[in-house]
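Data block for coords.pdb (PDB, C-alpha atoms):
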```
ATOM      1  CA  MET A   1     -21.846 -14.551  -8.184
ATOM      2  CA  ASN A   2     -25.428 -13.716  -9.109
ATOM      3  CA  LEU A   3     -24.936 -10.432 -10.966
ATOM      4  CA  ALA A   4     -28.672 -10.096 -11.673
ATOM      5  CA  GLU A   5     -29.426 -10.165  -7.949
ATOM      6  CA  LEU A   6     -26.572  -7.760  -7.339
ATOM      7  CA  ALA A   7     -28.121  -5.341  -9.842
ATOM      8  CA  THR A   8     -31.356  -5.301  -7.834
ATOM      9  CA  LEU A   9     -29.392  -4.525  -4.660
ATOM     10  CA  PHE A  10     -27.533  -1.661  -6.318
ATOM     11  CA  PRO A  11     -30.157  -0.007  -8.563
ATOM     12  CA  ASN A  12     -28.076   3.159  -9.014
ATOM     13  CA  TYR A  13     -25.380   1.203 -10.860
ATOM     14  CA  SER A  14     -25.291  -0.646 -14.192
ATOM     15  CA  ASN A  15     -23.124  -2.894 -16.397
ATOM     16  CA  PHE A  16     -21.952  -5.249 -13.633
ATOM     17  CA  GLN A  17     -18.896  -7.360 -14.352
ATOM     18  CA  ALA A  18     -17.049  -9.721 -12.008
ATOM     19  CA  ILE A  19     -13.336  -9.012 -11.552
ATOM     20  CA  VAL A  20     -10.858 -11.763 -10.693
ATOM     21  CA  VAL A  21      -8.858 -10.859  -7.576
ATOM     22  CA  PRO A  22      -6.114 -12.891  -5.852
ATOM     23  CA  SER A  23      -7.588 -12.445  -2.367
ATOM     24  CA  GLY A  24     -10.056 -14.972  -1.013
ATOM     25  CA  GLN A  25     -11.359 -12.439   1.513
ATOM     26  CA  LYS A  26     -13.535 -10.514  -0.917
ATOM     27  CA  GLU A  27     -15.083 -10.460  -4.366
ATOM     28  CA  VAL A  28     -14.910  -7.444  -6.648
ATOM     29  CA  VAL A  29     -17.422  -6.364  -9.280
ATOM     30  CA  SER A  30     -17.042  -3.397 -11.580
ATOM     31  CA  ALA A  31     -20.084  -1.312 -12.483
ATOM     32  CA  PHE A  32     -20.976   2.141 -13.728
ATOM     33  CA  GLN A  33     -22.587   5.030 -11.908
ATOM     34  CA  GLY A  34     -23.588   7.093 -14.917
ATOM     35  CA  GLN A  35     -20.339   7.535 -16.829
ATOM     36  CA  ARG A  36     -18.130   6.817 -13.829
ATOM     37  CA  ARG A  37     -16.770   3.307 -13.367
ATOM     38  CA  VAL A  38     -16.760   2.000  -9.807
ATOM     39  CA  ALA A  39     -15.551  -1.084  -7.949
ATOM     40  CA  ILE A  40     -18.007  -2.852  -5.642
ATOM     41  CA  LYS A  41     -16.075  -4.869  -3.068
ATOM     42  CA  LEU A  42     -18.052  -7.584  -1.268
ATOM     43  CA  PHE A  43     -16.381  -8.948   1.841
ATOM     44  CA  HIS A  44     -17.058 -12.357   3.344
ATOM     45  CA  ARG A  45     -18.721 -11.602   6.667
ATOM     46  CA  VAL A  46     -16.759 -13.822   9.058
ATOM     47  CA  ALA A  47     -17.368 -13.025  12.725
ATOM     48  CA  ASP A  48     -13.682 -12.866  13.660
ATOM     49  CA  ASP A  49     -12.942 -10.575  10.708
ATOM     50  CA  GLN A  50     -15.869  -8.198  11.103
ATOM     51  CA  GLU A  51     -14.015  -5.566  13.089
ATOM     52  CA  ARG A  52     -11.092  -5.741  10.655
ATOM     53  CA  ILE A  53     -13.461  -5.137   7.729
ATOM     54  CA  ASP A  54     -15.098  -2.269   9.596
ATOM     55  CA  ARG A  55     -11.693  -0.738  10.242
ATOM     56  CA  GLU A  56     -10.681  -0.984   6.596
ATOM     57  CA  MET A  57     -13.858   0.779   5.540
ATOM     58  CA  ALA A  58     -13.417   3.413   8.246
ATOM     59  CA  ALA A  59      -9.824   4.001   7.164
ATOM     60  CA  VAL A  60     -10.504   4.542   3.479
ATOM     61  CA  SER A  61     -13.551   6.640   4.324
ATOM     62  CA  LYS A  62     -11.647   9.089   6.528
ATOM     63  CA  LEU A  63      -8.425   9.153   4.484
ATOM     64  CA  HIS A  64      -8.746  12.083   2.112
ATOM     65  CA  CYS A  65      -5.872  11.468  -0.271
ATOM     66  CA  GLN A  66      -5.691  12.141  -4.000
ATOM     67  CA  PHE A  67      -3.691   8.942  -4.530
ATOM     68  CA  VAL A  68      -6.194   6.614  -2.823
ATOM     69  CA  PRO A  69      -9.448   5.688  -4.631
ATOM     70  CA  GLU A  70     -12.457   7.708  -3.472
ATOM     71  CA  VAL A  71     -14.970   5.829  -1.324
ATOM     72  CA  ILE A  72     -18.525   6.340  -2.599
ATOM     73  CA  GLU A  73     -20.580   4.317  -0.135
ATOM     74  CA  SER A  74     -20.465   1.300   2.177
ATOM     75  CA  GLY A  75     -22.870  -0.871   4.130
ATOM     76  CA  ILE A  76     -24.329  -4.370   4.394
ATOM     77  CA  VAL A  77     -26.440  -6.292   1.855
ATOM     78  CA  THR A  78     -27.856  -9.814   1.753
ATOM     79  CA  LEU A  79     -26.682 -11.541  -1.411
ATOM     80  CA  GLU A  80     -27.706 -15.124  -2.220
ATOM     81  CA  GLY A  81     -29.040 -15.417   1.328
ATOM     82  CA  VAL A  82     -25.772 -14.350   2.948
ATOM     83  CA  GLU A  83     -24.985 -11.038   4.605
ATOM     84  CA  ARG A  84     -22.082  -9.278   2.906
ATOM     85  CA  VAL A  85     -20.295  -6.093   3.870
ATOM     86  CA  PHE A  86     -19.756  -3.933   0.800
ATOM     87  CA  LEU A  87     -17.606  -0.985  -0.172
ATOM     88  CA  VAL A  88     -18.093   0.998  -3.382
ATOM     89  CA  GLU A  89     -15.103   3.009  -4.507
ATOM     90  CA  GLN A  90     -13.609   4.670  -7.551
ATOM     91  CA  PHE A  91     -12.419   2.070 -10.088
ATOM     92  CA  ILE A  92      -8.750   2.360 -11.052
ATOM     93  CA  GLU A  93      -7.942   0.682 -14.347
ATOM     94  CA  GLY A  94      -4.319  -0.145 -14.952
ATOM     95  CA  GLN A  95      -1.569  -2.568 -13.995
ATOM     96  CA  THR A  96       0.013  -3.244 -10.647
ATOM     97  CA  TYR A  97       3.493  -1.955 -10.006
ATOM     98  CA  ALA A  98       4.508  -5.581  -9.393
ATOM     99  CA  THR A  99       3.542  -6.393 -12.995
ATOM    100  CA  LEU A 100       5.434  -3.346 -14.217
ATOM    101  CA  LEU A 101       8.566  -4.459 -12.344
ATOM    102  CA  GLN A 102       8.283  -7.948 -13.804
ATOM    103  CA  ALA A 103       8.389  -6.452 -17.293
ATOM    104  CA  GLN A 104      11.154  -3.958 -16.456
ATOM    105  CA  PRO A 105      12.897  -4.871 -13.191
ATOM    106  CA  VAL A 106      15.240  -1.863 -13.112
ATOM    107  CA  GLN A 107      13.515   1.490 -13.347
ATOM    108  CA  ALA A 108      15.072   4.828 -14.311
ATOM    109  CA  ILE A 109      15.609   7.383 -11.559
ATOM    110  CA  GLN A 110      12.887   9.849 -12.601
ATOM    111  CA  PRO A 111       9.874   7.488 -12.471
ATOM    112  CA  VAL A 112      11.153   6.081  -9.170
ATOM    113  CA  VAL A 113      11.461   9.574  -7.710
ATOM    114  CA  ASN A 114       7.949  10.356  -8.943
ATOM    115  CA  LEU A 115       6.632   7.181  -7.294
ATOM    116  CA  ALA A 116       8.474   8.077  -4.089
ATOM    117  CA  ASN A 117       6.806  11.473  -4.117
ATOM    118  CA  ILE A 118       3.359   9.864  -4.262
ATOM    119  CA  LEU A 119       4.109   7.218  -1.633
ATOM    120  CA  LEU A 120       5.463   9.809   0.781
ATOM    121  CA  ASN A 121       2.431  12.038   0.269
ATOM    122  CA  VAL A 122       0.182   9.057   1.042
ATOM    123  CA  ALA A 123       2.252   8.383   4.168
ATOM    124  CA  VAL A 124       1.796  12.002   5.283
ATOM    125  CA  ASP A 125      -1.961  11.745   4.753
ATOM    126  CA  CYS A 126      -2.057   8.452   6.687
ATOM    127  CA  GLU A 127      -0.068  10.014   9.491
ATOM    128  CA  THR A 128      -2.508  12.927   9.667
ATOM    129  CA  ALA A 129      -5.394  10.428   9.939
ATOM    130  CA  ASP A 130      -3.589   8.304  12.604
ATOM    131  CA  LEU A 131      -3.304   5.359  10.211
ATOM    132  CA  VAL A 132      -0.542   2.935   9.248
ATOM    133  CA  HIS A 133      -1.157   1.029   5.992
ATOM    134  CA  ARG A 134       1.086  -1.919   7.012
ATOM    135  CA  ASP A 135       0.998  -3.590   3.597
ATOM    136  CA  LEU A 136       2.676  -1.251   1.139
ATOM    137  CA  LYS A 137       4.199  -3.338  -1.652
ATOM    138  CA  PRO A 138       4.302  -3.325  -5.483
ATOM    139  CA  ALA A 139       1.185  -5.524  -5.704
ATOM    140  CA  ASN A 140      -0.837  -2.877  -3.837
ATOM    141  CA  ILE A 141       0.160  -0.038  -6.161
ATOM    142  CA  ILE A 142      -1.592   0.486  -9.498
ATOM    143  CA  GLN A 143      -0.412   2.642 -12.367
ATOM    144  CA  ASP A 144      -3.275   3.928 -14.485
ATOM    145  CA  ALA A 145      -3.282   4.701 -18.215
ATOM    146  CA  SER A 146      -2.116   8.267 -17.540
ATOM    147  CA  GLY A 147       0.896   7.071 -15.571
ATOM    148  CA  ASN A 148      -0.522   8.040 -12.179
ATOM    149  CA  PHE A 149       0.056   5.763  -9.200
ATOM    150  CA  TRP A 150      -2.692   4.746  -6.753
ATOM    151  CA  ILE A 151      -2.414   3.000  -3.394
ATOM    152  CA  LEU A 152      -4.852   0.141  -2.733
ATOM    153  CA  ASP A 153      -5.822  -2.435  -0.110
ATOM    154  CA  PHE A 154      -6.130  -1.126   3.423
ATOM    155  CA  GLY A 155      -7.046  -4.567   4.743
ATOM    156  CA  LEU A 156      -4.182  -4.550   7.286
ATOM    157  CA  VAL A 157      -4.526  -0.908   8.263
ATOM    158  CA  LYS A 158      -3.687   0.007  11.840
ATOM    159  CA  HIS A 159      -5.641   2.771  13.569
ATOM    160  CA  LEU A 160      -3.236   4.342  16.029
ATOM    161  CA  ASP A 161      -6.137   5.757  18.036
ATOM    162  CA  LEU A 162      -7.794   2.331  18.521
ATOM    163  CA  THR A 163      -6.834  -0.778  20.460
ATOM    164  CA  SER A 164      -5.006  -3.358  18.358
ATOM    165  CA  ILE A 165      -7.032  -6.369  17.185
ATOM    166  CA  THR A 166      -4.023  -8.296  15.841
ATOM    167  CA  PRO A 167      -3.759 -11.633  17.709
ATOM    168  CA  THR A 168      -0.860 -11.837  20.152
ATOM    169  CA  GLY A 169       2.188 -13.523  18.640
ATOM    170  CA  HIS A 170       1.107 -13.090  15.027
ATOM    171  CA  GLY A 171       2.859 -10.547  12.839
ATOM    172  CA  VAL A 172       1.062  -9.147   9.823
ATOM    173  CA  GLY A 173       2.259  -7.778   6.519
ATOM    174  CA  THR A 174       4.237  -9.076   3.570
ATOM    175  CA  LEU A 175       7.639 -10.635   4.139
ATOM    176  CA  GLY A 176      10.353  -8.583   2.518
ATOM    177  CA  TYR A 177       8.402  -5.307   2.715
ATOM    178  CA  ALA A 178       7.122  -5.066   6.287
ATOM    179  CA  PRO A 179       9.888  -4.181   8.786
ATOM    180  CA  ILE A 180      11.076  -6.639  11.372
ATOM    181  CA  GLU A 181       9.236  -4.957  14.263
ATOM    182  CA  GLN A 182       5.958  -5.436  12.390
ATOM    183  CA  MET A 183       6.607  -9.068  11.517
ATOM    184  CA  ARG A 184       7.543  -9.807  15.140
ATOM    185  CA  LEU A 185       4.470  -7.930  16.395
ATOM    186  CA  MET A 186       6.421  -5.511  18.581
ATOM    187  CA  ARG A 187       3.310  -3.396  18.904
ATOM    188  CA  ALA A 188       4.670  -0.267  20.557
ATOM    189  CA  PRO A 189       7.091   0.736  17.737
ATOM    190  CA  ILE A 190       4.625   0.003  14.899
ATOM    191  CA  ASP A 191       3.726   3.409  13.540
ATOM    192  CA  ILE A 192       4.219   5.326  10.307
ATOM    193  CA  ARG A 193       7.913   4.368  10.399
ATOM    194  CA  ALA A 194       6.820   0.870   9.324
ATOM    195  CA  ASP A 195       5.274   2.324   6.164
ATOM    196  CA  LEU A 196       8.408   4.424   5.559
ATOM    197  CA  PHE A 197      10.473   1.228   5.711
ATOM    198  CA  ALA A 198       8.197  -0.411   3.128
ATOM    199  CA  ILE A 199       8.438   2.659   0.879
ATOM    200  CA  GLY A 200      12.232   2.557   1.055
ATOM    201  CA  THR A 201      12.205  -1.151   0.205
ATOM    202  CA  ILE A 202       9.972  -0.553  -2.832
ATOM    203  CA  LEU A 203      12.271   2.229  -4.064
ATOM    204  CA  TYR A 204      15.350   0.085  -3.501
ATOM    205  CA  GLU A 205      13.825  -2.801  -5.461
ATOM    206  CA  SER A 206      12.828  -0.449  -8.280
ATOM    207  CA  LEU A 207      16.392   0.766  -8.706
ATOM    208  CA  CYS A 208      18.328  -2.483  -8.270
ATOM    209  CA  GLY A 209      15.952  -4.910 -10.013
ATOM    210  CA  PHE A 210      15.286  -7.420  -7.231
ATOM    211  CA  SER A 211      13.641  -7.706  -3.832
ATOM    212  CA  PRO A 212      16.538  -6.702  -1.563
ATOM    213  CA  TRP A 213      15.571  -8.525   1.622
ATOM    214  CA  ARG A 214      14.616 -11.737  -0.196
ATOM    215  CA  GLN A 215      17.792 -11.833  -2.273
ATOM    216  CA  GLY A 216      20.028 -14.745  -1.267
ATOM    217  CA  VAL A 217      17.796 -16.171   1.492
ATOM    218  CA  GLN A 218      16.584 -19.756   1.588
ATOM    219  CA  ASP A 219      13.510 -19.530   3.794
ATOM    220  CA  ILE A 220      11.509 -17.335   6.157
ATOM    221  CA  HIS A 221      13.988 -17.940   8.990
ATOM    222  CA  ASP A 222      16.867 -16.685   6.843
ATOM    223  CA  LEU A 223      14.858 -13.661   5.753
ATOM    224  CA  MET A 224      13.933 -12.712   9.317
ATOM    225  CA  GLN A 225      17.538 -13.157  10.400
ATOM    226  CA  LYS A 226      18.767 -10.970   7.557
ATOM    227  CA  MET A 227      16.286  -8.220   8.369
ATOM    228  CA  SER A 228      17.177  -8.426  12.082
ATOM    229  CA  ALA A 229      20.948  -8.369  11.712
ATOM    230  CA  GLN A 230      21.875  -6.587   8.477
ATOM    231  CA  GLU A 231      21.548  -3.239   6.754
ATOM    232  CA  LEU A 232      21.108  -3.148   2.979
ATOM    233  CA  PRO A 233      24.171  -2.202   0.922
ATOM    234  CA  ARG A 234      24.138   1.416  -0.218
ATOM    235  CA  LEU A 235      22.851   1.769  -3.781
ATOM    236  CA  THR A 236      24.756   3.360  -6.618
ATOM    237  CA  ILE A 237      22.114   5.060  -8.744
ATOM    238  CA  SER A 238      22.601   6.429 -12.243
ATOM    239  CA  GLY A 239      21.628  10.096 -12.191
ATOM    240  CA  ASP A 240      22.093  10.431  -8.431
ATOM    241  CA  ALA A 241      25.312  12.405  -8.743
ATOM    242  CA  ASN A 242      25.663  13.430  -5.096
ATOM    243  CA  GLY A 243      24.194  10.240  -3.666
ATOM    244  CA  GLU A 244      21.282  12.107  -2.075
ATOM    245  CA  LEU A 245      18.616   9.640  -3.226
ATOM    246  CA  SER A 246      20.769   6.684  -2.174
ATOM    247  CA  THR A 247      21.275   8.251   1.264
ATOM    248  CA  PHE A 248      17.569   8.943   1.614
ATOM    249  CA  ILE A 249      16.574   5.364   0.750
ATOM    250  CA  ALA A 250      19.185   4.010   3.180
ATOM    251  CA  TRP A 251      17.588   6.183   5.874
ATOM    252  CA  LEU A 252      14.136   4.736   5.215
ATOM    253  CA  VAL A 253      15.247   1.079   5.345
ATOM    254  CA  GLN A 254      17.169   1.194   8.620
ATOM    255  CA  ARG A 255      16.351  -1.922  10.634
ATOM    256  CA  PHE A 256      15.827   0.050  13.837
ATOM    257  CA  PRO A 257      12.778   2.353  13.771
ATOM    258  CA  SER A 258      14.661   4.924  15.843
ATOM    259  CA  ARG A 259      17.145   5.374  12.994
ATOM    260  CA  ARG A 260      14.502   6.044  10.331
ATOM    261  CA  PRO A 261      12.674   9.347   9.860
ATOM    262  CA  GLN A 262      10.471   9.718  12.925
ATOM    263  CA  THR A 263       7.501  11.052  10.994
ATOM    264  CA  ALA A 264       6.248  10.948   7.431
ATOM    265  CA  ALA A 265       6.316  14.738   7.399
ATOM    266  CA  GLU A 266      10.019  14.689   8.258
ATOM    267  CA  ALA A 267      10.711  12.202   5.469
ATOM    268  CA  ARG A 268       8.655  14.185   2.970
ATOM    269  CA  ALA A 269      10.461  17.436   3.816
ATOM    270  CA  ALA A 270      13.867  15.771   3.444
ATOM    271  CA  PHE A 271      12.833  14.292   0.106
ATOM    272  CA  GLU A 272      11.565  17.539  -1.416
ATOM    273  CA  PRO A 273      15.015  18.823  -2.590
ATOM    274  CA  ILE A 274      15.694  15.436  -4.218
ATOM    275  CA  TYR A 275      12.358  15.588  -6.018
ATOM    276  CA  GLN A 276      12.977  19.143  -7.183
ATOM    277  CA  ALA A 277      16.459  18.262  -8.450
ATOM    278  CA  ILE A 278      15.036  15.473 -10.642
ATOM    279  CA  ASN A 279      11.936  17.474 -11.633
ATOM    280  CA  PRO A 280      13.112  21.098 -11.882
ATOM    281  CA  PRO A 281      10.341  23.672 -12.308
ATOM    282  CA  VAL A 282       9.620  24.681 -15.893
ATOM    283  CA  GLN A 283      10.978  28.170 -16.576
TER     284      GLN A 283
END
```
Have the structure of the file written as structure tokens, please.
Amino acid sequence: MNLAELATLFPNYSNFQAIVVPSGQKEVVSAFQGQRRVAIKLFHRVADDQERIDREMAAVSKLHCQFVPEVIESGIVTLEGVERVFLVEQFIEGQTYATLLQAQPVQAIQPVVNLANILLNVAVDCETADLVHRDLKPANIIQDASGNFWILDFGLVKHLDLTSITPTGHGVGTLGYAPIEQMRLMRAPIDIRADLFAIGTILYESLCGFSPWRQGVQDIHDLMQKMSAQELPRLTISGDANGELSTFIAWLVQRFPSRRPQTAAEARAAFEPIYQAINPPVQ
């Protein structure tokens, strides 16, 4: 990427540096706006993907959540003779939760409960904004230097108040985290309960040390069959004396949406006593 040209397009920013990202759908450059570090995301402007890009930008712009990076500006620029959609947002420096789990597969109950608290608050904020993230997974969570967790990548976001643009017959999401109704593109049931399922799966993995739906399967067919026909075994969690956290996680990962919490607000309210028990107020 021509960083010198980029600097002329974004004169209010300085110290541009390309960031390596695993996605081929965009390029990311870090820069500074005064003392504040920002991430400039440049999307490849493919005709079929334009509405999806627009929806991602609209989602992060209208989602006012303390655990999602702040959007500073967005628009279109011509870089190296090619039109690019851009999004400038708060830069979060840290490591992904996937990397953290690789280093320490089994997490203690308190940090998992703290992560659950953040994920459920994000789900409530998404629900309020009529959004479903649809790709919650450890790779899309970053822990910063202060230990705070941030939720990234709204590239698969679903706007419940807009017509679906997902092609018929094609499920979206990440196998092993997205629920079966999402992977099979059963559009009507795909709502915030899909994100609650993913949250439960992340918590389960954090406490047992492996991806629960992928464990013991040989291929995608096996995984889909497992998710369609089985419930996960109930966890035994050190520090969960009355089994309340285990019961809560089992509720989130039910294979039928009708058996999960029906709203993020309901899940968050049910979780609050568990959170308070692990994090009692300081006297």
Handout entry: Computed interatomic separation between CA of Cys208 in chain A and CA of Ile249 in chain A (Å)
Key =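 Here the two named atoms are 12.1 Å from each other.
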Show me, as JSON, the centre and edge lengths in Å to one decimal of the axis-aligned box that covers every listed atom of range 80-86 of chain A with 5 Å on each side.
```
{"center_x": -24.4, "center_y": -9.7, "center_z": 1.2, "size_x": 19.3, "size_y": 21.5, "size_z": 16.8}
```
Practice task
Name the closest residue to Asp240 in chain A among the candidates A:Asp195, A:Val113, A:Ser211, A:Lys137; distances are taken between atoms, counting only C-alpha atoms.
Solution key: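 Of A:Asp195, A:Val113, A:Ser211, A:Lys137, the one nearest Asp240 in chain A, counting only C-alpha atoms, is A:Val113.
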Exercise for the section: List the neighbours of Thr99 in chain A out to 10 Å using only C-alpha atoms; skip same-chain residues closer than 6 positions along the sequence, and give me the result as a PyMOL selection string. Expected result: chain A and resi 105+138-139+141-143
Selection export as a short mmCIF file (atom, residue, chain, number, x, y, z; two decimals), in the frame of the given file, atoms kept: C-alpha atoms:
```cif
data_model
loop_
_atom_site.label_atom_id
_atom_site.label_comp_id
_atom_site.auth_asym_id
_atom_site.auth_seq_id
_atom_site.Cartn_x
_atom_site.Cartn_y
_atom_site.Cartn_z
CA PRO A 105 12.90 -4.87 -13.19
CA PRO A 138 4.30 -3.32 -5.48
CA ALA A 139 1.18 -5.52 -5.70
CA ILE A 141 0.16 -0.04 -6.16
CA ILE A 142 -1.59 0.49 -9.50
CA GLN A 143 -0.41 2.64 -12.37
#
```
Handout entry: Within 9 Å of Ile202 in chain A using all atoms listed in the file, minus same-chain residues under 3 positions, as a list in words
Key =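 The neighbour list is Ala116, Leu136, Lys137, Pro138, Tyr177, Phe197, Ala198, Ile199, Glu205, Ser206, Leu207 and Ser211 of chain A.
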Practice task
Translate the PyMOL selection byres ((chain A and resi 87-93) around 6), as applied to the file shown, into an explicit residue set as a list of chain:residue names.
Solution key: A:Arg37, A:Val38, A:Ala39, A:Ile40, A:Lys41, A:Pro69, A:Glu70, A:Val71, A:Ile72, A:Glu73, A:Ser74, A:Phe86, A:Gly94, A:Asp144
Could the residues in this selection be written to a file with C-alpha atoms, as a compact mmCIF listing (two decimals), keeping the file's coordinate frame?
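In the end it all went to out-v9.txt:
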```txt
# COMPACT_ATOMS: atom_id res chain seq x y z
CA ARG A 37 -16.77 3.31 -13.37
CA VAL A 38 -16.76 2.00 -9.81
CA ALA A 39 -15.55 -1.08 -7.95
CA ILE A 40 -18.01 -2.85 -5.64
CA LYS A 41 -16.08 -4.87 -3.07
CA PRO A 69 -9.45 5.69 -4.63
CA GLU A 70 -12.46 7.71 -3.47
CA VAL A 71 -14.97 5.83 -1.32
CA ILE A 72 -18.52 6.34 -2.60
CA GLU A 73 -20.58 4.32 -0.14
CA SER A 74 -20.46 1.30 2.18
CA PHE A 86 -19.76 -3.93 0.80
CA GLY A 94 -4.32 -0.14 -14.95
CA ASP A 144 -3.28 3.93 -14.48
```
Handout entry: Counting all atoms listed in the file, the residue of A:Gln33, A:Gln107, A:Asn117, A:Gln262 that sits nearest Pro189 in chain A
Key = A:Gln262
Practice task
Work out how far CA of Pro179 in chain A is from CA of Trp213 in chain A, in Å to one decimal.
Solution key: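 Result for CA of Trp213 in chain A versus CA of Pro179 in chain A: 10.1 Å, one decimal.
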Taking the file as shown, find all residues satisfying the PyMOL selection byres ((chain A and resi 279-281) around 12) and write them as a PDB file with C-alpha atoms, in the coordinates of the input.
```
ATOM      1  CA  ILE A 109      15.609   7.383 -11.559  1.00  0.00           C
ATOM      2  CA  GLN A 110      12.887   9.849 -12.601  1.00  0.00           C
ATOM      3  CA  PRO A 111       9.874   7.488 -12.471  1.00  0.00           C
ATOM      4  CA  VAL A 112      11.153   6.081  -9.170  1.00  0.00           C
ATOM      5  CA  VAL A 113      11.461   9.574  -7.710  1.00  0.00           C
ATOM      6  CA  ASN A 114       7.949  10.356  -8.943  1.00  0.00           C
ATOM      7  CA  ASN A 117       6.806  11.473  -4.117  1.00  0.00           C
ATOM      8  CA  GLU A 272      11.565  17.539  -1.416  1.00  0.00           C
ATOM      9  CA  PRO A 273      15.015  18.823  -2.590  1.00  0.00           C
ATOM     10  CA  ILE A 274      15.694  15.436  -4.218  1.00  0.00           C
ATOM     11  CA  TYR A 275      12.358  15.588  -6.018  1.00  0.00           C
ATOM     12  CA  GLN A 276      12.977  19.143  -7.183  1.00  0.00           C
ATOM     13  CA  ALA A 277      16.459  18.262  -8.450  1.00  0.00           C
ATOM     14  CA  ILE A 278      15.036  15.473 -10.642  1.00  0.00           C
ATOM     15  CA  VAL A 282       9.620  24.681 -15.893  1.00  0.00           C
ATOM     16  CA  GLN A 283      10.978  28.170 -16.576  1.00  0.00           C
TER      17      GLN A 283
END
```
Could you make a table, as a Markdown table, of the residues of range 42-156 of chain A that have an atom within 10 Å of an atom of range 9-22 of chain A, each with its nearest atom pair and distance in Å to one decimal, counting only C-alpha atoms, in chain and number order?
```
| residue | atom | partner | partner_atom | distance |
| --- | --- | --- | --- | --- |
| A:Val77 | CA | A:Leu9 | CA | 7.4 |
| A:Thr78 | CA | A:Leu9 | CA | 8.5 |
| A:Leu79 | CA | A:Leu9 | CA | 8.2 |
```
Return range 131-147 of chain A, completed with N, CA and C atoms, as a PDB file, in the frame of the given file.
```pdb
ATOM      1  N   LEU A 131      -3.247   6.674  10.840  1.00  0.00           N
ATOM      2  CA  LEU A 131      -3.304   5.359  10.211  1.00  0.00           C
ATOM      3  C   LEU A 131      -1.906   4.884   9.824  1.00  0.00           C
ATOM      4  N   VAL A 132      -1.731   3.569   9.827  1.00  0.00           N
ATOM      5  CA  VAL A 132      -0.542   2.935   9.248  1.00  0.00           C
ATOM      6  C   VAL A 132      -1.061   1.889   8.266  1.00  0.00           C
ATOM      7  N   HIS A 133      -0.651   1.957   7.011  1.00  0.00           N
ATOM      8  CA  HIS A 133      -1.157   1.029   5.992  1.00  0.00           C
ATOM      9  C   HIS A 133      -0.760  -0.403   6.320  1.00  0.00           C
ATOM     10  N   ARG A 134       0.497  -0.628   6.612  1.00  0.00           N
ATOM     11  CA  ARG A 134       1.086  -1.919   7.012  1.00  0.00           C
ATOM     12  C   ARG A 134       1.206  -2.953   5.897  1.00  0.00           C
ATOM     13  N   ASP A 135       0.818  -2.612   4.677  1.00  0.00           N
ATOM     14  CA  ASP A 135       0.998  -3.590   3.597  1.00  0.00           C
ATOM     15  C   ASP A 135       1.341  -2.895   2.277  1.00  0.00           C
ATOM     16  N   LEU A 136       2.201  -1.901   2.356  1.00  0.00           N
ATOM     17  CA  LEU A 136       2.676  -1.251   1.139  1.00  0.00           C
ATOM     18  C   LEU A 136       3.650  -2.184   0.426  1.00  0.00           C
ATOM     19  N   LYS A 137       3.371  -2.454  -0.837  1.00  0.00           N
ATOM     20  CA  LYS A 137       4.199  -3.338  -1.652  1.00  0.00           C
ATOM     21  C   LYS A 137       3.809  -3.116  -3.109  1.00  0.00           C
ATOM     22  N   PRO A 138       4.624  -3.560  -4.065  1.00  0.00           N
ATOM     23  CA  PRO A 138       4.302  -3.325  -5.483  1.00  0.00           C
ATOM     24  C   PRO A 138       2.940  -3.853  -5.906  1.00  0.00           C
ATOM     25  N   ALA A 139       2.482  -4.960  -5.318  1.00  0.00           N
ATOM     26  CA  ALA A 139       1.185  -5.524  -5.704  1.00  0.00           C
ATOM     27  C   ALA A 139       0.018  -4.655  -5.269  1.00  0.00           C
ATOM     28  N   ASN A 140       0.231  -3.750  -4.321  1.00  0.00           N
ATOM     29  CA  ASN A 140      -0.837  -2.877  -3.837  1.00  0.00           C
ATOM     30  C   ASN A 140      -0.721  -1.455  -4.392  1.00  0.00           C
ATOM     31  N   ILE A 141       0.041  -1.324  -5.458  1.00  0.00           N
ATOM     32  CA  ILE A 141       0.160  -0.038  -6.161  1.00  0.00           C
ATOM     33  C   ILE A 141      -0.288  -0.262  -7.598  1.00  0.00           C
ATOM     34  N   ILE A 142      -1.137   0.598  -8.112  1.00  0.00           N
ATOM     35  CA  ILE A 142      -1.592   0.486  -9.498  1.00  0.00           C
ATOM     36  C   ILE A 142      -1.182   1.740 -10.259  1.00  0.00           C
ATOM     37  N   GLN A 143      -0.688   1.522 -11.463  1.00  0.00           N
ATOM     38  CA  GLN A 143      -0.412   2.642 -12.367  1.00  0.00           C
ATOM     39  C   GLN A 143      -1.514   2.685 -13.416  1.00  0.00           C
ATOM     40  N   ASP A 144      -2.183   3.819 -13.519  1.00  0.00           N
ATOM     41  CA  ASP A 144      -3.275   3.928 -14.485  1.00  0.00           C
ATOM     42  C   ASP A 144      -2.751   4.307 -15.866  1.00  0.00           C
ATOM     43  N   ALA A 145      -3.669   4.449 -16.823  1.00  0.00           N
ATOM     44  CA  ALA A 145      -3.282   4.701 -18.215  1.00  0.00           C
ATOM     45  C   ALA A 145      -2.559   6.030 -18.388  1.00  0.00           C
ATOM     46  N   SER A 146      -2.772   6.959 -17.462  1.00  0.00           N
ATOM     47  CA  SER A 146      -2.116   8.267 -17.540  1.00  0.00           C
ATOM     48  C   SER A 146      -0.765   8.285 -16.844  1.00  0.00           C
ATOM     49  N   GLY A 147      -0.384   7.144 -16.265  1.00  0.00           N
ATOM     50  CA  GLY A 147       0.896   7.071 -15.571  1.00  0.00           C
ATOM     51  C   GLY A 147       0.830   7.425 -14.102  1.00  0.00           C
TER      52      GLY A 147
END
```
